[in-house]
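Below is target_25.txt, which holds compact mmCIF, C-alpha atoms.
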# COMPACT_ATOMS: atom_id res chain seq x y z
CA MET T 1 0.00 0.00 0.00
CA PHE T 2 1.42 3.39 -0.97
CA PHE T 3 1.61 5.79 1.95
CA ASP T 4 1.79 9.53 1.35
CA VAL T 5 4.09 10.81 4.06
CA GLN T 6 3.38 14.39 3.00
CA LYS T 7 -0.22 13.88 4.05
CA LEU T 8 1.05 12.68 7.41
CA CYS T 9 3.05 15.92 7.65
CA GLN T 10 -0.07 17.94 6.94
CA LYS T 11 -2.07 16.05 9.53
CA LEU T 12 0.56 16.30 12.25
CA ILE T 13 1.86 19.84 11.86
CA SER T 14 -1.22 21.32 13.48
CA PHE T 15 -1.66 18.42 15.88
CA CYS T 16 1.75 17.87 17.36
CA PHE T 17 1.41 20.47 20.11
CA LEU T 18 -2.02 19.72 21.52
CA ALA T 19 -3.86 21.71 24.10
CA VAL T 20 -2.46 19.22 26.62
CA PHE T 21 0.50 21.54 27.00
CA SER T 22 -0.68 24.37 29.20
CA SER T 23 0.18 26.83 31.93
CA THR T 24 -1.38 28.80 34.74
CA VAL T 25 -4.32 30.87 33.55
CA PHE T 26 -3.79 34.64 33.39
CA ALA T 27 -6.90 35.86 31.60
CA ALA T 28 -10.64 36.05 31.79
CA PRO T 29 -12.38 32.98 30.38
CA GLY T 30 -12.67 33.14 26.63
CA LEU T 31 -11.19 31.62 23.51
CA PHE T 32 -11.93 34.25 20.85
CA TRP T 33 -10.64 37.79 21.31
CA LYS T 34 -10.48 41.06 19.40
CA ALA T 35 -7.37 43.11 20.15
CA GLU T 36 -7.34 46.77 19.16
CA SER T 37 -4.52 49.29 19.34
CA PRO T 38 -4.30 52.99 18.46
CA SER T 39 -0.96 52.42 16.73
CA ASN T 40 -1.24 48.93 15.16
CA ASN T 41 -3.80 46.98 13.17
CA THR T 42 -6.57 44.85 14.68
CA ILE T 43 -5.72 41.30 15.74
CA TYR T 44 -8.33 38.57 16.15
CA LEU T 45 -6.95 35.86 18.44
CA PHE T 46 -8.61 32.46 18.40
CA GLY T 47 -7.63 29.58 20.67
CA THR T 48 -8.00 26.23 18.93
CA ILE T 49 -8.27 22.63 19.98
CA HIS T 50 -6.68 20.31 17.45
CA THR T 51 -9.49 18.01 16.42
CA ASP T 52 -11.97 17.54 13.58
CA ASP T 53 -14.85 17.01 16.02
CA ASN T 54 -18.00 18.53 14.50
CA ARG T 55 -18.76 20.19 17.80
CA VAL T 56 -15.80 22.54 17.38
CA THR T 57 -15.65 22.91 13.59
CA ASP T 58 -19.08 24.51 13.20
CA PHE T 59 -17.71 28.05 13.15
CA SER T 60 -19.89 30.94 14.26
CA PRO T 61 -20.97 33.77 11.91
CA ALA T 62 -18.91 36.18 14.04
CA LEU T 63 -15.78 34.10 13.51
CA ILE T 64 -16.37 33.86 9.75
CA ALA T 65 -17.00 37.62 9.51
CA SER T 66 -13.81 38.34 11.47
CA LEU T 67 -11.77 36.10 9.20
CA LYS T 68 -13.19 37.82 6.13
CA SER T 69 -12.35 41.26 7.51
CA VAL T 70 -8.59 40.83 7.99
CA ASP T 71 -5.62 41.03 5.65
CA ALA T 72 -3.82 37.87 6.76
CA PHE T 73 -4.30 34.58 8.58
CA MET T 74 -1.56 33.29 10.87
CA MET T 75 -1.45 29.77 12.30
CA GLU T 76 1.13 28.13 14.53
CA ALA T 77 3.48 26.86 11.83
CA ASP T 78 4.15 26.33 8.17
CA ALA T 79 3.78 22.80 6.84
CA PRO T 80 7.05 20.82 6.64
CA LYS T 81 8.56 20.50 3.18
CA ASP T 82 9.43 16.83 3.56
CA ALA T 83 9.10 13.89 5.93
CA SER T 84 12.61 14.10 7.38
CA VAL T 85 11.38 16.33 10.20
CA LEU T 86 9.17 13.46 11.37
CA MET T 87 11.63 10.59 11.25
CA MET T 88 14.54 9.27 13.31
CA SER T 89 17.68 9.41 11.22
CA ASP T 90 19.56 6.40 12.59
CA ALA T 91 17.22 4.39 14.83
CA ASN T 92 14.27 2.04 14.62
CA LEU T 93 11.79 1.32 17.40
CA GLN T 94 11.93 -2.38 16.54
CA THR T 95 15.36 -2.56 18.18
CA ILE T 96 14.38 -0.38 21.17
CA LEU T 97 10.94 -1.46 22.40
CA THR T 98 9.86 -4.75 23.91
CA GLN T 99 7.63 -7.08 21.93
CA ASN T 100 4.65 -6.12 24.08
CA GLU T 101 5.32 -2.44 23.41
CA LEU T 102 5.74 -3.12 19.69
CA ASP T 103 2.40 -4.92 19.58
CA LYS T 104 0.77 -1.83 21.05
CA VAL T 105 2.56 0.37 18.51
CA TYR T 106 1.31 -1.81 15.65
CA ALA T 107 -2.27 -1.72 16.94
CA LEU T 108 -2.24 2.06 17.33
CA ALA T 109 -0.57 2.54 13.95
CA GLU T 110 -3.40 0.57 12.37
CA PHE T 111 -5.96 2.66 14.28
CA HIS T 112 -4.36 5.84 12.92
CA VAL T 113 -3.99 4.43 9.38
CA MET T 114 -0.20 4.49 9.56
CA PRO T 115 2.02 1.78 8.05
CA ARG T 116 4.18 -0.13 10.52
CA ASP T 117 7.46 0.73 8.84
CA VAL T 118 6.64 4.45 9.07
CA ALA T 119 5.61 4.15 12.72
CA LEU T 120 8.84 2.34 13.60
CA ARG T 121 10.94 5.17 12.17
CA THR T 122 8.85 8.08 13.49
CA LYS T 123 10.32 10.10 16.35
CA PRO T 124 9.05 8.66 19.66
CA TRP T 125 7.70 11.96 20.96
CA LEU T 126 5.69 12.45 17.78
CA LEU T 127 4.29 8.94 17.97
CA ALA T 128 3.35 9.61 21.58
CA VAL T 129 1.37 12.71 20.64
CA MET T 130 -0.32 10.95 17.76
CA PHE T 131 -1.10 7.76 19.66
CA ASP T 132 -2.53 9.65 22.63
CA ALA T 133 -5.36 10.89 20.39
CA ALA T 134 -8.67 9.26 21.20
CA ARG T 135 -9.65 9.16 17.52
CA PRO T 136 -7.74 8.94 14.23
CA ILE T 137 -6.04 12.14 13.15
CA THR T 138 -7.32 13.66 9.92
CA PRO T 139 -6.36 16.75 7.87
CA PHE T 140 -9.69 18.36 8.83
CA ALA T 141 -8.84 19.70 12.28
CA GLN T 142 -10.01 23.16 13.30
CA ASP T 143 -6.72 24.82 12.35
CA ASN T 144 -6.62 23.35 8.86
CA LEU T 145 -10.26 24.16 8.19
CA LEU T 146 -9.65 27.77 9.21
CA MET T 147 -6.59 27.90 6.96
CA ARG T 148 -8.63 26.63 4.02
CA LEU T 149 -11.36 29.18 4.70
CA ALA T 150 -8.73 31.92 4.77
CA GLU T 151 -7.38 30.72 1.43
CA ASP T 152 -10.91 30.64 0.01
CA PHE T 153 -11.38 34.24 1.17
CA GLY T 154 -8.16 35.23 -0.61
CA LYS T 155 -6.21 36.00 2.55
CA GLU T 156 -2.46 35.79 2.96
CA VAL T 157 -1.70 32.64 4.95
CA THR T 158 1.49 32.29 6.99
CA GLY T 159 2.88 30.29 9.88
CA ILE T 160 4.08 32.08 13.00
CA GLU T 161 6.88 29.52 13.17
CA THR T 162 8.66 27.51 10.53
CA ALA T 163 8.11 23.75 10.59
CA ALA T 164 11.66 23.27 11.88
CA GLU T 165 11.07 25.69 14.75
CA HIS T 166 7.73 24.08 15.52
CA PHE T 167 9.28 20.65 15.95
CA SER T 168 12.50 21.75 17.61
CA ALA T 169 11.02 22.10 21.10
CA MET T 170 10.31 18.39 21.33
CA ASP T 171 13.25 17.35 19.20
CA SER T 172 15.46 18.76 21.95
CA LEU T 173 14.33 15.96 24.26
CA SER T 174 16.79 13.10 24.52
CA ILE T 175 15.79 9.76 23.01
CA ASP T 176 15.37 8.40 26.54
CA GLU T 177 13.02 11.26 27.45
CA GLN T 178 11.03 10.73 24.26
CA LEU T 179 10.72 7.02 25.04
CA ILE T 180 9.42 7.80 28.54
CA PHE T 181 6.67 9.86 26.89
CA LEU T 182 5.89 7.16 24.32
CA ARG T 183 5.81 4.36 26.89
CA ALA T 184 3.50 6.41 29.11
CA VAL T 185 1.07 6.78 26.20
CA LEU T 186 1.27 3.08 25.34
CA LYS T 187 0.08 2.28 28.87
CA ARG T 188 -3.07 4.40 28.50
CA SER T 189 -6.25 2.57 27.56
CA ALA T 190 -8.60 3.65 24.79
CA GLN T 191 -11.29 4.23 27.40
CA THR T 192 -9.06 6.56 29.41
CA LYS T 193 -8.09 8.55 26.33
CA GLU T 194 -11.71 8.87 25.24
CA LEU T 195 -12.78 10.04 28.70
CA ASP T 196 -10.00 12.64 28.84
CA TYR T 197 -10.83 13.79 25.32
CA GLU T 198 -14.51 14.28 26.13
CA ARG T 199 -13.73 16.24 29.29
CA LEU T 200 -11.40 18.53 27.33
CA ILE T 201 -13.98 19.03 24.59
CA GLN T 202 -16.65 19.97 27.12
CA ALA T 203 -14.32 22.50 28.76
CA TYR T 204 -13.47 23.93 25.35
CA LEU T 205 -17.11 24.20 24.30
CA ALA T 206 -17.83 26.06 27.53
CA GLY T 207 -15.07 28.53 26.67
CA ASN T 208 -13.56 27.75 30.05
CA SER T 209 -9.82 28.18 29.60
CA GLU T 210 -9.17 27.76 33.31
CA LYS T 211 -10.85 24.35 33.45
CA LEU T 212 -9.24 23.33 30.17
CA THR T 213 -5.83 24.23 31.53
CA ALA T 214 -6.40 22.39 34.78
CA LEU T 215 -7.53 19.25 32.97
CA ASN T 216 -4.57 19.39 30.62
CA SER T 217 -2.07 19.72 33.41
CA LYS T 218 -3.69 16.92 35.39
CA ILE T 219 -3.54 14.54 32.42
CA MET T 220 0.11 15.21 31.66
CA ALA T 221 1.21 15.27 35.28
CA LYS T 222 -0.27 11.80 35.78
CA MET T 223 1.57 10.46 32.75
CA LEU T 224 5.08 11.86 33.13
CA PRO T 225 7.77 12.34 35.78
CA PRO T 226 7.51 15.87 37.22
CA SER T 227 10.92 16.96 35.91
CA LEU T 228 10.13 15.87 32.34
CA TRP T 229 6.70 17.47 32.37
CA ALA T 230 8.18 20.74 33.68
CA LYS T 231 10.82 20.69 30.95
CA MET T 232 8.28 20.03 28.20
CA ARG T 233 5.93 22.73 29.45
CA SER T 234 8.71 25.30 29.57
CA GLN T 235 9.96 24.52 26.07
CA LEU T 236 6.52 24.21 24.48
CA LEU T 237 4.95 27.26 26.04
CA ASP T 238 7.21 29.73 27.80
CA GLU T 239 9.90 29.83 25.15
CA ARG T 240 7.59 29.58 22.14
CA ASN T 241 5.06 32.12 23.46
CA ALA T 242 7.70 34.84 23.57
CA VAL T 243 8.63 34.23 19.94
CA MET T 244 4.99 33.98 18.85
CA ALA T 245 4.03 37.24 20.53
CA ALA T 246 6.93 39.15 18.99
CA ARG T 247 6.14 37.90 15.49
CA VAL T 248 2.41 38.55 15.75
CA LEU T 249 3.00 42.09 17.02
CA ASP T 250 5.52 42.74 14.25
CA ALA T 251 3.12 41.49 11.56
CA ALA T 252 0.31 43.65 12.97
CA LYS T 253 2.32 46.79 12.19
CA ASN T 254 1.49 46.35 8.51
CA LYS T 255 -1.74 44.30 8.33
CA SER T 256 -4.79 43.20 10.26
CA LEU T 257 -4.58 39.60 11.46
CA PHE T 258 -6.60 36.54 12.37
CA VAL T 259 -4.31 34.44 14.58
CA ALA T 260 -5.25 30.80 15.30
CA VAL T 261 -3.10 29.01 17.87
CA GLY T 262 -3.61 26.22 20.39
CA ALA T 263 -5.77 27.50 23.27
CA SER T 264 -2.94 26.90 25.74
CA HIS T 265 -0.93 29.70 24.12
CA LEU T 266 -3.52 32.30 25.11
CA ALA T 267 -3.19 31.89 28.86
CA GLY T 268 -0.39 32.49 31.32
CA LYS T 269 1.69 35.45 32.38
CA ASN T 270 3.63 35.17 29.13
CA GLY T 271 0.70 33.99 27.02
CA LEU T 272 -0.49 35.85 23.95
CA ILE T 273 -3.34 37.62 25.76
CA ALA T 274 -0.99 39.04 28.37
CA SER T 275 1.58 39.96 25.70
CA LEU T 276 -0.99 41.86 23.64
CA LYS T 277 -2.18 43.75 26.72
CA GLN T 278 1.40 44.64 27.63
CA ALA T 279 1.88 45.95 24.08
CA GLY T 280 -1.01 48.39 24.58
CA TYR T 281 -3.86 46.47 22.99
CA GLN T 282 -7.37 46.59 24.38
CA LEU T 283 -8.93 43.11 24.31
CA THR T 284 -12.59 42.19 24.19
CA ILE T 285 -14.21 38.79 23.91
CA VAL T 286 -15.95 38.08 20.60
CA LYS T 287 -19.25 36.30 21.14

Write-out of the structure in structure tokens:
Amino acid sequence: MFFDVQKLCQKLISFCFLAVFSSTVFAAPGLFWKAESPSNNTIYLFGTIHTDDNRVTDFSPALIASLKSVDAFMMEADAPKDASVLMMSDANLQTILTQNELDKVYALAEFHVMPRDVALRTKPWLLAVMFDAARPITPFAQDNLLMRLAEDFGKEVTGIETAAEHFSAMDSLSIDEQLIFLRAVLKRSAQTKELDYERLIQAYLAGNSEKLTALNSKIMAKMLPPSLWAKMRSQLLDERNAVMAARVLDAAKNKSLFVAVGASHLAGKNGLIASLKQAGYQLTIVK
């Protein structure tokens, strides 16, 4: 069976940093914001959850109108140019994992419509993120649907980060740290993943960023050693948020923006909401 790795790239680029990576909330509840400044252009900031669930992909008229009104659409990252960013260069999980662990990998690869040989060469952290999904990953997640709408509306579409930057935070983990993450995911049952997924969806639908954050942290803290979870959270949020904020603010000097990023990037003392406020923007929730 021919497997299009480029399609895997497209599916994973918007999925690989799920809302499971979060921080302490530093904002009023809300996932869709309008930021206005006397000196810069308007920024619409939308916190996403990376799924194709119909409950979150039925976009409101206000969201559609906001997207139509701007000059450019910005999402977390550009798509990778090739599959090398996804793969281990000189290792194969078949020589690393136990037979029991491999059997679980094969079963989850089949669930996610992923050939075994590709799964065995995929970076362990990326497999962990993919395999922790309660349902198969598709190219029709919120982020990608918004991107396609922006293209249909004739908007400029750009990534805040390059694909290489997007993946580098987790690539910096050692192979042993990545395997800890993967093995933790392999121990989770389908029922547990589905329950966690549903709880996160309900928090998202309620627009409750505080509850969403608390659930995310609880899930990850139960899975990983505290030191590894702290390291991942710092690299995925604190460091990336600073770069994201600077690039969004710079882009807003010349054009109005619709910015779609994982909901976890909105919150926190160095989250995008706080950064926009510190830059002089007035923020209001869009209903």

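In this model, the gap between CA of Tyr204 in chain T and CA of Leu31 in chain T comes to 8.2 Å.
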
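Each of T:Phe32, T:Asn216, T:Met87, T:Glu177 was checked against Tyr197 in chain T using all atoms listed in the file; the smallest atom-to-atom distance is that of T:Asn216.
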
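Candidate residues T:Val118, T:Ile49, T:Ala164, T:Ala169 were compared for distance to Asp78 in chain T, and the nearest is T:Ala164, using all atoms listed in the file.
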
CA of Pro124 in chain T and CA of Val105 in chain T are how many Å apart?
-> 10.6 Å

Within 10 Å of Phe46 in chain T, counting only C-alpha atoms, which residues qualify if same-chain residues fewer than 3 places away don't, as a ChimeraX atom specification?
-> /T:30-34,43,49,63,75,143,258-263,265-266,286

Between CA of Thr42 in chain T and CA of Gly154 in chain T, what is the distance, to one decimal in Å?
-> 18.1 Å

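Between Asp82 in chain T and the candidates T:Leu236, T:Ala163, T:Ala109, T:Ile180, the tightest atom-to-atom separation, counting all atoms listed in the file, involves T:Ala163.
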
Every residue with an atom at most 12 Å from (-3.3, 49.5, 14.9) (file coordinates; all atoms listed in the file) is what I'm after, so could you write them as a JSON list (two decimals) with C-alpha atoms, in the coordinates of the input?
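What ended up in out_6.json:
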[["chain", "number", "residue", "atom", "x", "y", "z"],
["T", 34, "LYS", "CA", -10.48, 41.06, 19.40],
["T", 35, "ALA", "CA", -7.37, 43.11, 20.15],
["T", 36, "GLU", "CA", -7.34, 46.77, 19.16],
["T", 37, "SER", "CA", -4.52, 49.29, 19.34],
["T", 38, "PRO", "CA", -4.30, 52.99, 18.46],
["T", 39, "SER", "CA", -0.96, 52.42, 16.73],
["T", 40, "ASN", "CA", -1.24, 48.93, 15.16],
["T", 41, "ASN", "CA", -3.80, 46.98, 13.17],
["T", 42, "THR", "CA", -6.57, 44.85, 14.68],
["T", 43, "ILE", "CA", -5.72, 41.30, 15.74],
["T", 249, "LEU", "CA", 3.00, 42.09, 17.02],
["T", 250, "ASP", "CA", 5.52, 42.74, 14.25],
["T", 251, "ALA", "CA", 3.12, 41.49, 11.56],
["T", 252, "ALA", "CA", 0.31, 43.65, 12.97],
["T", 253, "LYS", "CA", 2.32, 46.79, 12.19],
["T", 254, "ASN", "CA", 1.49, 46.35, 8.51],
["T", 255, "LYS", "CA", -1.74, 44.30, 8.33],
["T", 256, "SER", "CA", -4.79, 43.20, 10.26],
["T", 257, "LEU", "CA", -4.58, 39.60, 11.46],
["T", 276, "LEU", "CA", -0.99, 41.86, 23.64],
["T", 279, "ALA", "CA", 1.88, 45.95, 24.08],
["T", 280, "GLY", "CA", -1.01, 48.39, 24.58],
["T", 281, "TYR", "CA", -3.86, 46.47, 22.99],
["T", 282, "GLN", "CA", -7.37, 46.59, 24.38]]

Can you pull out every residue within 10 Å of range 101-104 of chain T, counting all atoms listed in the file, but drop anything in the same chain fewer than 6 positions away, and send it as a ChimeraX atom specification?
-> /T:93-95,110,116,120,131,182-183,186-187

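Closest approach to Met220 in chain T among T:Gly47, T:Ala128, T:Lys269, T:Pro139 is made by T:Ala128 (distances from all atoms listed in the file).
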
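Among the candidates T:Trp125, T:Lys155, T:Glu161, T:Leu215, the one nearest to Ala184 in chain T when counting only C-alpha atoms is T:Trp125.
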
So which residues are close to (7.8, 11.9, 32.7), meaning at most 10 Å away in the file's coordinates with all atoms listed in the file counted, and can you show them as a VMD selection string?
-> chain T and resid 177 to 184 220 to 232

Kindly export the residues of the current selection with C-alpha atoms, as a PDB file, in the frame of the given file.
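Written out: part.pdb:
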ATOM      1  CA  GLU T 177      13.020  11.260  27.450  1.00  0.00           C
ATOM      2  CA  GLN T 178      11.030  10.730  24.260  1.00  0.00           C
ATOM      3  CA  LEU T 179      10.720   7.020  25.040  1.00  0.00           C
ATOM      4  CA  ILE T 180       9.420   7.800  28.540  1.00  0.00           C
ATOM      5  CA  PHE T 181       6.670   9.860  26.890  1.00  0.00           C
ATOM      6  CA  LEU T 182       5.890   7.160  24.320  1.00  0.00           C
ATOM      7  CA  ARG T 183       5.810   4.360  26.890  1.00  0.00           C
ATOM      8  CA  ALA T 184       3.500   6.410  29.110  1.00  0.00           C
ATOM      9  CA  MET T 220       0.110  15.210  31.660  1.00  0.00           C
ATOM     10  CA  ALA T 221       1.210  15.270  35.280  1.00  0.00           C
ATOM     11  CA  LYS T 222      -0.270  11.800  35.780  1.00  0.00           C
ATOM     12  CA  MET T 223       1.570  10.460  32.750  1.00  0.00           C
ATOM     13  CA  LEU T 224       5.080  11.860  33.130  1.00  0.00           C
ATOM     14  CA  PRO T 225       7.770  12.340  35.780  1.00  0.00           C
ATOM     15  CA  PRO T 226       7.510  15.870  37.220  1.00  0.00           C
ATOM     16  CA  SER T 227      10.920  16.960  35.910  1.00  0.00           C
ATOM     17  CA  LEU T 228      10.130  15.870  32.340  1.00  0.00           C
ATOM     18  CA  TRP T 229       6.700  17.470  32.370  1.00  0.00           C
ATOM     19  CA  ALA T 230       8.180  20.740  33.680  1.00  0.00           C
ATOM     20  CA  LYS T 231      10.820  20.690  30.950  1.00  0.00           C
ATOM     21  CA  MET T 232       8.280  20.030  28.200  1.00  0.00           C
TER      22      MET T 232
END

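If all atoms listed in the file are the atoms counted, then among T:Glu194, T:Asn241, T:Lys277, T:Met74 the closest residue to Arg148 in chain T is T:Met74.
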
Which residues come within 10 Å of Lys211 in chain T, counting all atoms listed in the file, excluding same-chain residues fewer than 5 positions away, as a ChimeraX atom specification?
-> /T:25,29,199-200,202-204,206,216-217
